[in-house]
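K.L.:
Dropping in model_36.txt, which is compact mmCIF, N, CA and C atoms and all ligand atoms:
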```txt
# COMPACT_ATOMS: atom_id res chain seq x y z
N MET A 17 0.82 -1.20 0.00
CA MET A 17 0.00 0.00 0.00
C MET A 17 0.86 1.26 0.00
N THR A 18 1.89 1.28 0.86
CA THR A 18 2.77 2.44 0.90
C THR A 18 3.48 2.62 -0.43
N GLN A 19 3.86 1.49 -1.06
CA GLN A 19 4.52 1.57 -2.35
C GLN A 19 3.62 2.23 -3.38
N GLU A 20 2.33 1.93 -3.33
CA GLU A 20 1.39 2.53 -4.27
C GLU A 20 1.26 4.03 -4.03
N ILE A 21 1.23 4.40 -2.77
CA ILE A 21 1.15 5.83 -2.43
C ILE A 21 2.40 6.54 -2.94
N LEU A 22 3.55 5.92 -2.68
CA LEU A 22 4.82 6.51 -3.11
C LEU A 22 4.86 6.65 -4.63
N ASN A 23 4.42 5.62 -5.34
CA ASN A 23 4.40 5.68 -6.80
C ASN A 23 3.51 6.82 -7.29
N ALA A 24 2.34 6.94 -6.69
CA ALA A 24 1.41 7.99 -7.11
C ALA A 24 2.02 9.36 -6.88
N ILE A 25 2.71 9.52 -5.75
CA ILE A 25 3.31 10.80 -5.41
C ILE A 25 4.47 11.13 -6.34
N THR A 26 5.35 10.16 -6.57
CA THR A 26 6.50 10.44 -7.42
C THR A 26 6.08 10.68 -8.86
N GLN A 27 5.06 9.97 -9.32
CA GLN A 27 4.57 10.20 -10.68
C GLN A 27 3.99 11.60 -10.82
N ALA A 28 3.23 12.03 -9.81
CA ALA A 28 2.65 13.38 -9.84
C ALA A 28 3.76 14.42 -9.83
N ALA A 29 4.80 14.17 -9.02
CA ALA A 29 5.90 15.13 -8.91
C ALA A 29 6.71 15.18 -10.21
N GLU A 30 6.97 14.01 -10.78
CA GLU A 30 7.71 13.96 -12.05
C GLU A 30 6.93 14.67 -13.15
N GLY A 31 5.62 14.45 -13.16
CA GLY A 31 4.77 15.10 -14.16
C GLY A 31 4.81 16.61 -14.06
N ALA A 32 5.07 17.11 -12.85
CA ALA A 32 5.13 18.55 -12.63
C ALA A 32 6.54 19.08 -12.85
N GLY A 33 7.48 18.22 -13.24
CA GLY A 33 8.84 18.65 -13.49
C GLY A 33 9.69 18.77 -12.24
N ALA A 34 9.34 18.06 -11.20
CA ALA A 34 10.07 18.14 -9.95
C ALA A 34 11.39 17.37 -10.01
N THR A 35 12.39 17.90 -9.34
CA THR A 35 13.65 17.18 -9.22
C THR A 35 13.80 16.54 -7.85
N ARG A 36 12.96 16.99 -6.92
CA ARG A 36 13.09 16.52 -5.56
C ARG A 36 11.78 16.79 -4.83
N ILE A 37 11.39 15.84 -3.98
CA ILE A 37 10.20 16.02 -3.15
C ILE A 37 10.66 16.38 -1.74
N ASN A 38 10.16 17.51 -1.24
CA ASN A 38 10.56 17.96 0.09
C ASN A 38 9.65 17.43 1.18
N SER A 39 8.35 17.51 0.92
CA SER A 39 7.42 17.03 1.93
C SER A 39 6.10 16.66 1.25
N VAL A 40 5.40 15.78 1.91
CA VAL A 40 4.14 15.28 1.39
C VAL A 40 3.15 15.24 2.55
N ARG A 41 1.93 15.69 2.26
CA ARG A 41 0.89 15.58 3.29
C ARG A 41 -0.23 14.70 2.75
N VAL A 42 -0.56 13.69 3.53
CA VAL A 42 -1.64 12.79 3.13
C VAL A 42 -2.70 12.76 4.23
N THR A 43 -3.93 12.54 3.81
CA THR A 43 -5.02 12.36 4.75
C THR A 43 -5.44 10.90 4.73
N ILE A 44 -5.47 10.30 5.90
CA ILE A 44 -5.83 8.89 6.01
C ILE A 44 -6.99 8.75 6.98
N GLY A 45 -8.03 8.15 6.49
CA GLY A 45 -9.20 7.92 7.33
C GLY A 45 -8.93 6.84 8.37
N GLU A 46 -9.54 7.03 9.50
CA GLU A 46 -9.35 6.08 10.61
C GLU A 46 -9.92 4.69 10.27
N LEU A 47 -10.83 4.66 9.30
CA LEU A 47 -11.47 3.39 8.96
C LEU A 47 -10.66 2.54 7.99
N THR A 48 -9.57 3.11 7.46
CA THR A 48 -8.71 2.31 6.59
C THR A 48 -7.87 1.38 7.44
N GLU A 49 -7.19 0.47 6.79
CA GLU A 49 -6.32 -0.46 7.51
C GLU A 49 -4.94 0.15 7.76
N ILE A 50 -4.75 1.38 7.30
CA ILE A 50 -3.42 1.97 7.34
C ILE A 50 -3.13 2.57 8.72
N VAL A 51 -2.02 2.17 9.29
CA VAL A 51 -1.59 2.71 10.58
C VAL A 51 -0.55 3.79 10.30
N PRO A 52 -0.81 5.03 10.73
CA PRO A 52 0.11 6.13 10.41
C PRO A 52 1.57 5.86 10.77
N ASP A 53 1.81 5.28 11.94
CA ASP A 53 3.19 4.99 12.34
C ASP A 53 3.86 4.01 11.37
N ALA A 54 3.10 3.01 10.95
CA ALA A 54 3.63 2.02 10.01
C ALA A 54 3.90 2.67 8.66
N LEU A 55 3.02 3.61 8.29
CA LEU A 55 3.21 4.31 7.03
C LEU A 55 4.47 5.16 7.07
N GLN A 56 4.71 5.83 8.19
CA GLN A 56 5.93 6.62 8.36
C GLN A 56 7.17 5.74 8.24
N PHE A 57 7.11 4.60 8.89
CA PHE A 57 8.23 3.68 8.88
C PHE A 57 8.50 3.19 7.46
N ALA A 58 7.43 2.79 6.76
CA ALA A 58 7.57 2.29 5.40
C ALA A 58 8.07 3.39 4.47
N TRP A 59 7.62 4.60 4.72
CA TRP A 59 8.04 5.73 3.90
C TRP A 59 9.56 5.89 3.95
N GLU A 60 10.09 5.85 5.16
CA GLU A 60 11.53 5.99 5.32
C GLU A 60 12.29 4.83 4.69
N ALA A 61 11.66 3.66 4.66
CA ALA A 61 12.31 2.48 4.08
C ALA A 61 12.26 2.50 2.55
N LEU A 62 11.21 3.09 1.99
CA LEU A 62 10.98 2.99 0.55
C LEU A 62 11.49 4.19 -0.24
N THR A 63 11.67 5.34 0.40
CA THR A 63 11.98 6.54 -0.36
C THR A 63 13.44 6.67 -0.81
N PRO A 64 14.42 6.09 -0.12
CA PRO A 64 15.80 6.24 -0.61
C PRO A 64 15.93 5.79 -2.06
N GLY A 65 16.61 6.62 -2.89
CA GLY A 65 16.76 6.30 -4.29
C GLY A 65 15.63 6.82 -5.16
N THR A 66 14.64 7.45 -4.53
CA THR A 66 13.53 8.03 -5.30
C THR A 66 13.56 9.54 -5.14
N LEU A 67 12.68 10.22 -5.87
CA LEU A 67 12.55 11.68 -5.73
C LEU A 67 12.21 12.08 -4.31
N ALA A 68 11.60 11.18 -3.59
CA ALA A 68 11.12 11.49 -2.24
C ALA A 68 12.15 11.19 -1.15
N GLU A 69 13.37 10.86 -1.55
CA GLU A 69 14.40 10.55 -0.55
C GLU A 69 14.59 11.74 0.39
N GLY A 70 14.55 11.47 1.68
CA GLY A 70 14.74 12.52 2.68
C GLY A 70 13.54 13.41 2.91
N SER A 71 12.44 13.11 2.26
CA SER A 71 11.26 13.96 2.40
C SER A 71 10.54 13.68 3.71
N VAL A 72 9.73 14.66 4.08
CA VAL A 72 8.95 14.55 5.30
C VAL A 72 7.53 14.12 4.93
N LEU A 73 7.07 13.08 5.55
CA LEU A 73 5.69 12.63 5.33
C LEU A 73 4.84 13.09 6.50
N GLU A 74 3.85 13.92 6.18
CA GLU A 74 2.93 14.39 7.22
C GLU A 74 1.60 13.66 7.04
N VAL A 75 1.17 13.00 8.09
CA VAL A 75 -0.08 12.24 8.02
C VAL A 75 -1.16 12.95 8.82
N VAL A 76 -2.25 13.24 8.14
CA VAL A 76 -3.41 13.82 8.82
C VAL A 76 -4.46 12.73 8.93
N GLU A 77 -4.87 12.44 10.14
CA GLU A 77 -5.88 11.41 10.33
C GLU A 77 -7.26 12.03 10.43
N THR A 78 -8.22 11.41 9.76
CA THR A 78 -9.59 11.85 9.92
C THR A 78 -10.40 10.73 10.55
N GLY A 79 -11.26 11.11 11.44
CA GLY A 79 -12.07 10.13 12.14
C GLY A 79 -13.17 9.58 11.26
N GLY A 80 -13.70 8.45 11.68
CA GLY A 80 -14.80 7.85 10.93
C GLY A 80 -16.11 8.57 11.22
N ARG A 81 -16.90 8.77 10.17
CA ARG A 81 -18.24 9.32 10.33
C ARG A 81 -19.18 8.54 9.43
N SER A 82 -20.34 8.28 9.98
CA SER A 82 -21.36 7.59 9.19
C SER A 82 -22.68 8.29 9.35
N ILE A 83 -23.59 7.96 8.45
CA ILE A 83 -24.96 8.45 8.57
C ILE A 83 -25.87 7.24 8.75
N CYS A 84 -26.82 7.39 9.65
CA CYS A 84 -27.76 6.30 9.92
C CYS A 84 -28.86 6.31 8.86
N LEU A 85 -29.10 5.15 8.28
CA LEU A 85 -30.11 5.07 7.23
C LEU A 85 -31.52 5.00 7.82
N ASP A 86 -31.59 4.74 9.11
CA ASP A 86 -32.91 4.66 9.74
C ASP A 86 -33.36 6.01 10.28
N CYS A 87 -32.45 6.72 11.01
CA CYS A 87 -32.87 7.97 11.64
C CYS A 87 -32.15 9.17 11.03
N THR A 88 -31.26 8.95 10.05
CA THR A 88 -30.53 9.98 9.30
C THR A 88 -29.58 10.81 10.16
N LYS A 89 -29.31 10.37 11.37
CA LYS A 89 -28.35 11.08 12.20
C LYS A 89 -26.92 10.76 11.74
N GLU A 90 -26.07 11.81 11.72
CA GLU A 90 -24.64 11.60 11.47
C GLU A 90 -23.92 11.44 12.79
N PHE A 91 -22.96 10.53 12.82
CA PHE A 91 -22.24 10.30 14.07
C PHE A 91 -20.82 9.85 13.80
N SER A 92 -19.94 10.12 14.78
CA SER A 92 -18.54 9.72 14.70
C SER A 92 -18.38 8.34 15.34
N HIS A 93 -17.42 7.60 14.82
CA HIS A 93 -17.20 6.26 15.36
C HIS A 93 -15.82 5.78 14.95
N ASP A 94 -15.39 4.67 15.54
CA ASP A 94 -14.09 4.12 15.17
C ASP A 94 -14.27 2.97 14.19
N ARG A 95 -13.16 2.28 13.93
CA ARG A 95 -13.15 1.25 12.91
C ARG A 95 -13.99 0.03 13.29
N PHE A 96 -14.22 -0.13 14.57
CA PHE A 96 -14.81 -1.38 15.06
C PHE A 96 -16.29 -1.26 15.43
N GLU A 97 -16.72 -0.04 15.70
CA GLU A 97 -18.10 0.14 16.15
C GLU A 97 -18.80 1.13 15.23
N ARG A 98 -19.64 0.64 14.35
CA ARG A 98 -20.28 1.50 13.37
C ARG A 98 -21.77 1.65 13.60
N ARG A 99 -22.24 1.21 14.74
CA ARG A 99 -23.66 1.27 15.02
C ARG A 99 -24.10 2.70 15.31
N CYS A 100 -25.30 3.03 14.90
CA CYS A 100 -25.83 4.38 15.14
C CYS A 100 -25.83 4.68 16.63
N THR A 101 -25.29 5.85 16.99
CA THR A 101 -25.22 6.22 18.40
C THR A 101 -26.56 6.75 18.91
N SER A 102 -27.48 7.02 17.99
CA SER A 102 -28.75 7.60 18.37
C SER A 102 -29.83 6.53 18.55
N CYS A 103 -30.00 5.69 17.53
CA CYS A 103 -31.08 4.70 17.59
C CYS A 103 -30.58 3.26 17.66
N GLY A 104 -29.25 3.07 17.51
CA GLY A 104 -28.70 1.72 17.65
C GLY A 104 -28.77 0.89 16.40
N SER A 105 -29.20 1.47 15.30
CA SER A 105 -29.33 0.71 14.06
C SER A 105 -27.96 0.34 13.50
N TYR A 106 -27.92 -0.83 12.86
CA TYR A 106 -26.71 -1.23 12.14
C TYR A 106 -26.75 -0.79 10.68
N ALA A 107 -27.88 -0.24 10.25
CA ALA A 107 -28.03 0.19 8.86
C ALA A 107 -27.42 1.58 8.70
N THR A 108 -26.09 1.61 8.58
CA THR A 108 -25.40 2.89 8.49
C THR A 108 -24.51 2.91 7.26
N LYS A 109 -24.19 4.11 6.82
CA LYS A 109 -23.37 4.27 5.63
C LYS A 109 -22.21 5.21 5.96
N VAL A 110 -20.98 4.76 5.66
CA VAL A 110 -19.81 5.58 5.93
C VAL A 110 -19.79 6.79 5.00
N ILE A 111 -19.61 7.99 5.59
CA ILE A 111 -19.53 9.19 4.75
C ILE A 111 -18.13 9.81 4.79
N SER A 112 -17.33 9.48 5.81
CA SER A 112 -15.92 9.87 5.77
C SER A 112 -15.14 8.98 6.72
N GLY A 113 -13.81 8.94 6.50
CA GLY A 113 -12.97 8.13 7.36
C GLY A 113 -12.40 6.92 6.65
N ASP A 114 -12.86 6.66 5.41
CA ASP A 114 -12.29 5.53 4.68
C ASP A 114 -11.47 6.01 3.48
N GLU A 115 -11.05 7.28 3.55
CA GLU A 115 -10.34 7.85 2.42
C GLU A 115 -8.82 7.82 2.59
N LEU A 116 -8.15 7.85 1.47
CA LEU A 116 -6.71 7.99 1.44
C LEU A 116 -6.42 9.05 0.38
N LEU A 117 -6.04 10.24 0.82
CA LEU A 117 -5.87 11.36 -0.09
C LEU A 117 -4.47 11.94 0.00
N ILE A 118 -3.91 12.29 -1.15
CA ILE A 118 -2.67 13.05 -1.16
C ILE A 118 -3.06 14.53 -1.22
N ASP A 119 -2.87 15.22 -0.12
CA ASP A 119 -3.35 16.61 -0.01
C ASP A 119 -2.40 17.58 -0.69
N ASP A 120 -1.11 17.39 -0.46
CA ASP A 120 -0.16 18.41 -0.87
C ASP A 120 1.22 17.77 -1.04
N ILE A 121 1.91 18.18 -2.09
CA ILE A 121 3.28 17.72 -2.31
C ILE A 121 4.14 18.95 -2.52
N ASP A 122 5.15 19.13 -1.68
CA ASP A 122 6.07 20.26 -1.82
C ASP A 122 7.33 19.77 -2.53
N VAL A 123 7.63 20.38 -3.69
CA VAL A 123 8.75 19.88 -4.50
C VAL A 123 9.69 21.01 -4.89
N ASP A 124 10.91 20.60 -5.29
CA ASP A 124 11.82 21.50 -6.00
C ASP A 124 11.63 21.25 -7.48
N LEU A 125 11.60 22.34 -8.26
CA LEU A 125 11.41 22.18 -9.70
C LEU A 125 12.73 22.29 -10.44
N ALA A 126 12.77 21.70 -11.63
CA ALA A 126 14.01 21.60 -12.40
C ALA A 126 14.60 22.95 -12.74
N GLU A 127 13.75 24.00 -12.91
CA GLU A 127 14.26 25.29 -13.35
C GLU A 127 15.20 25.92 -12.33
N ASP A 128 15.08 25.52 -11.07
CA ASP A 128 16.01 26.02 -10.07
C ASP A 128 17.17 25.03 -9.95
N ALA A 129 18.14 25.12 -10.88
CA ALA A 129 19.21 24.13 -10.97
C ALA A 129 20.51 24.66 -10.38
N SER A 130 20.41 25.58 -9.42
CA SER A 130 21.60 26.24 -8.92
C SER A 130 22.15 25.61 -7.65
N ASP A 131 21.71 24.40 -7.35
CA ASP A 131 22.23 23.78 -6.13
C ASP A 131 23.58 23.10 -6.41
N GLY A 132 24.44 23.13 -5.42
CA GLY A 132 25.77 22.56 -5.59
C GLY A 132 25.88 21.22 -4.91
N GLU A 133 24.93 20.37 -5.16
CA GLU A 133 24.91 19.09 -4.46
C GLU A 133 26.07 18.19 -4.91
N ALA A 134 26.72 17.61 -3.95
CA ALA A 134 27.83 16.71 -4.25
C ALA A 134 27.46 15.29 -3.86
N GLU A 135 27.67 14.40 -4.78
CA GLU A 135 27.38 13.00 -4.46
C GLU A 135 28.50 12.44 -3.58
N GLY A 136 28.11 11.74 -2.55
CA GLY A 136 29.12 11.28 -1.64
C GLY A 136 29.37 9.81 -1.78
ZN ZN A 201 -30.01 5.83 13.85
```
Would you write out, as structure tokens, the structure that this file holds?
Ligand SMILES: [Zn+2]

P.N.:
Amino acid sequence: MTQEILNAITQAAEGAGATRINSVRVTIGELTEIVPDALQFAWEALTPGTLAEGSVLEVVETGGRSICLDCTKEFSHDRFERRCTSCGSYATKVISGDELLIDDIDVDLAEDASDGEAEG
């Protein structure tokens, strides 16, 4: 999963003419299987050798929210308990918290080629 995120980010950055990715902000819903700490760890393991090497990954977590199909109340909940907090119905529909979004990518562009980077 992290590899797919990294690929999507580097492709977007390359398409924009980036030479380097400085930081990335992603939004991860609490209802996904993705654990932010694990994502950070994987990011550091996968980025060396890519445009994103040395970049900062900022993870914004969003809580789960659903709407009850019986009483139409919206309520917050975690990954394990999705029952309506108002009427107790199990007939609920997730409206947020299951998303994985790339919010922002901060990059260096090729036109600024004045860096004196030395390969070590
Ligand atoms: Zn309800």

K.L.:
Which one is closest to Trp59 in chain A: A:Ala107, A:Ala32, A:Ile118, A:Met17? Count only C-alpha atoms.

P.N.:
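Once distances to Trp59 in chain A are computed over only C-alpha atoms, the minimum belongs to A:Met17.
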
K.L.:
Chain A near ligand ZN 201 (chain A) within 6.5 Å: what's each residue's closest atom pair and its distance in Å to one decimal, counting all atoms listed in the file, ordered by chain then ascending residue number, as a tab-separated table?

P.N.:
```
residue	atom	partner	partner_atom	distance
A:Cys84	CA	A:ZN201	ZN	4.6
A:Leu85	N	A:ZN201	ZN	5.7
A:Asp86	C	A:ZN201	ZN	4.9
A:Cys87	N	A:ZN201	ZN	3.8
A:Thr88	N	A:ZN201	ZN	5.1
A:Lys89	N	A:ZN201	ZN	5.2
A:Cys100	CA	A:ZN201	ZN	4.6
A:Thr101	N	A:ZN201	ZN	5.7
A:Ser102	C	A:ZN201	ZN	4.8
A:Cys103	N	A:ZN201	ZN	3.7
A:Gly104	N	A:ZN201	ZN	4.6
A:Ser105	N	A:ZN201	ZN	4.7
```

K.L.:
Find the residues around Glu77 in chain A up to 6 Å (only C-alpha atoms counted), leave out those fewer than 6 positions away in its own chain, and share them as a count of residues only.

P.N.:
3

K.L.:
With only N, CA and C atoms as the basis for distance, which of A:Ala68, A:Val76, A:Leu117, A:Ala126 is at the shortest distance from Asn38 in chain A?

P.N.:
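With only N, CA and C atoms as the atom set, the closest residue is A:Ala68.
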
K.L.:
Which value, in Å to one decimal, gives the distance between CA of Thr108 in chain A and atom C of Ser82 in chain A?

P.N.:
6.1 Å

K.L.:
Using atom N of Gly80 in chain A and atom C of Asp94 in chain A as the two end points, give the distance in Å to one decimal.

P.N.:
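Between atom N of Gly80 in chain A and atom C of Asp94 in chain A the gap is 6.1 Å.
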
K.L.:
When you draw a straight line from CA of Leu62 in chain A to CA of Gln19 in chain A, how long is it in Å?

P.N.:
7.2 Å

K.L.:
Considering all atoms listed in the file, state which residue in the set A:Ile111, A:Asp119, A:Ile83, A:Thr66 is at the smallest distance from Thr35 in chain A.

P.N.:
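Checking each of A:Ile111, A:Asp119, A:Ile83, A:Thr66 against Thr35 in chain A, counting all atoms listed in the file, the winner is A:Thr66.
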
K.L.:
With a distance cut-off of 5 Å and only N, CA and C atoms, select the neighbouring residues of Glu74 in chain A, excluding the residue or stretch itself and same-chain residues fewer than 2 positions from it, and output the selection as a ChimeraX atom specification.

P.N.:
/A:40-42,72,76

K.L.:
Since we have the selection now, will you write its residues out, keeping N, CA and C atoms, as an mmCIF file, keeping the file's coordinate frame?

P.N.:
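Saved to result_19.cif:
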```cif
data_model
loop_
_atom_site.group_PDB
_atom_site.id
_atom_site.type_symbol
_atom_site.label_atom_id
_atom_site.label_comp_id
_atom_site.auth_asym_id
_atom_site.auth_seq_id
_atom_site.Cartn_x
_atom_site.Cartn_y
_atom_site.Cartn_z
ATOM 1 N N VAL A 40 5.400 15.780 1.910
ATOM 2 C CA VAL A 40 4.140 15.280 1.390
ATOM 3 C C VAL A 40 3.150 15.240 2.550
ATOM 4 N N ARG A 41 1.930 15.690 2.260
ATOM 5 C CA ARG A 41 0.890 15.580 3.290
ATOM 6 C C ARG A 41 -0.230 14.700 2.750
ATOM 7 N N VAL A 42 -0.560 13.690 3.530
ATOM 8 C CA VAL A 42 -1.640 12.790 3.130
ATOM 9 C C VAL A 42 -2.700 12.760 4.230
ATOM 10 N N VAL A 72 9.730 14.660 4.080
ATOM 11 C CA VAL A 72 8.950 14.550 5.300
ATOM 12 C C VAL A 72 7.530 14.120 4.930
ATOM 13 N N VAL A 76 -2.250 13.240 8.140
ATOM 14 C CA VAL A 76 -3.410 13.820 8.820
ATOM 15 C C VAL A 76 -4.460 12.730 8.930
#
```

K.L.:
Would you list, as a count of residues only, the residues of chain A that end up in alpha helix (DSSP H) under DSSP run on this structure's backbone?

P.N.:
25

K.L.:
Skip Arg36 in chain A itself and residues of its chain fewer than 6 positions away, then list as a PyMOL selection string all residues within 6.5 Å of it, counting all atoms listed in the file.

P.N.:
chain A and resi 67-68+122-125
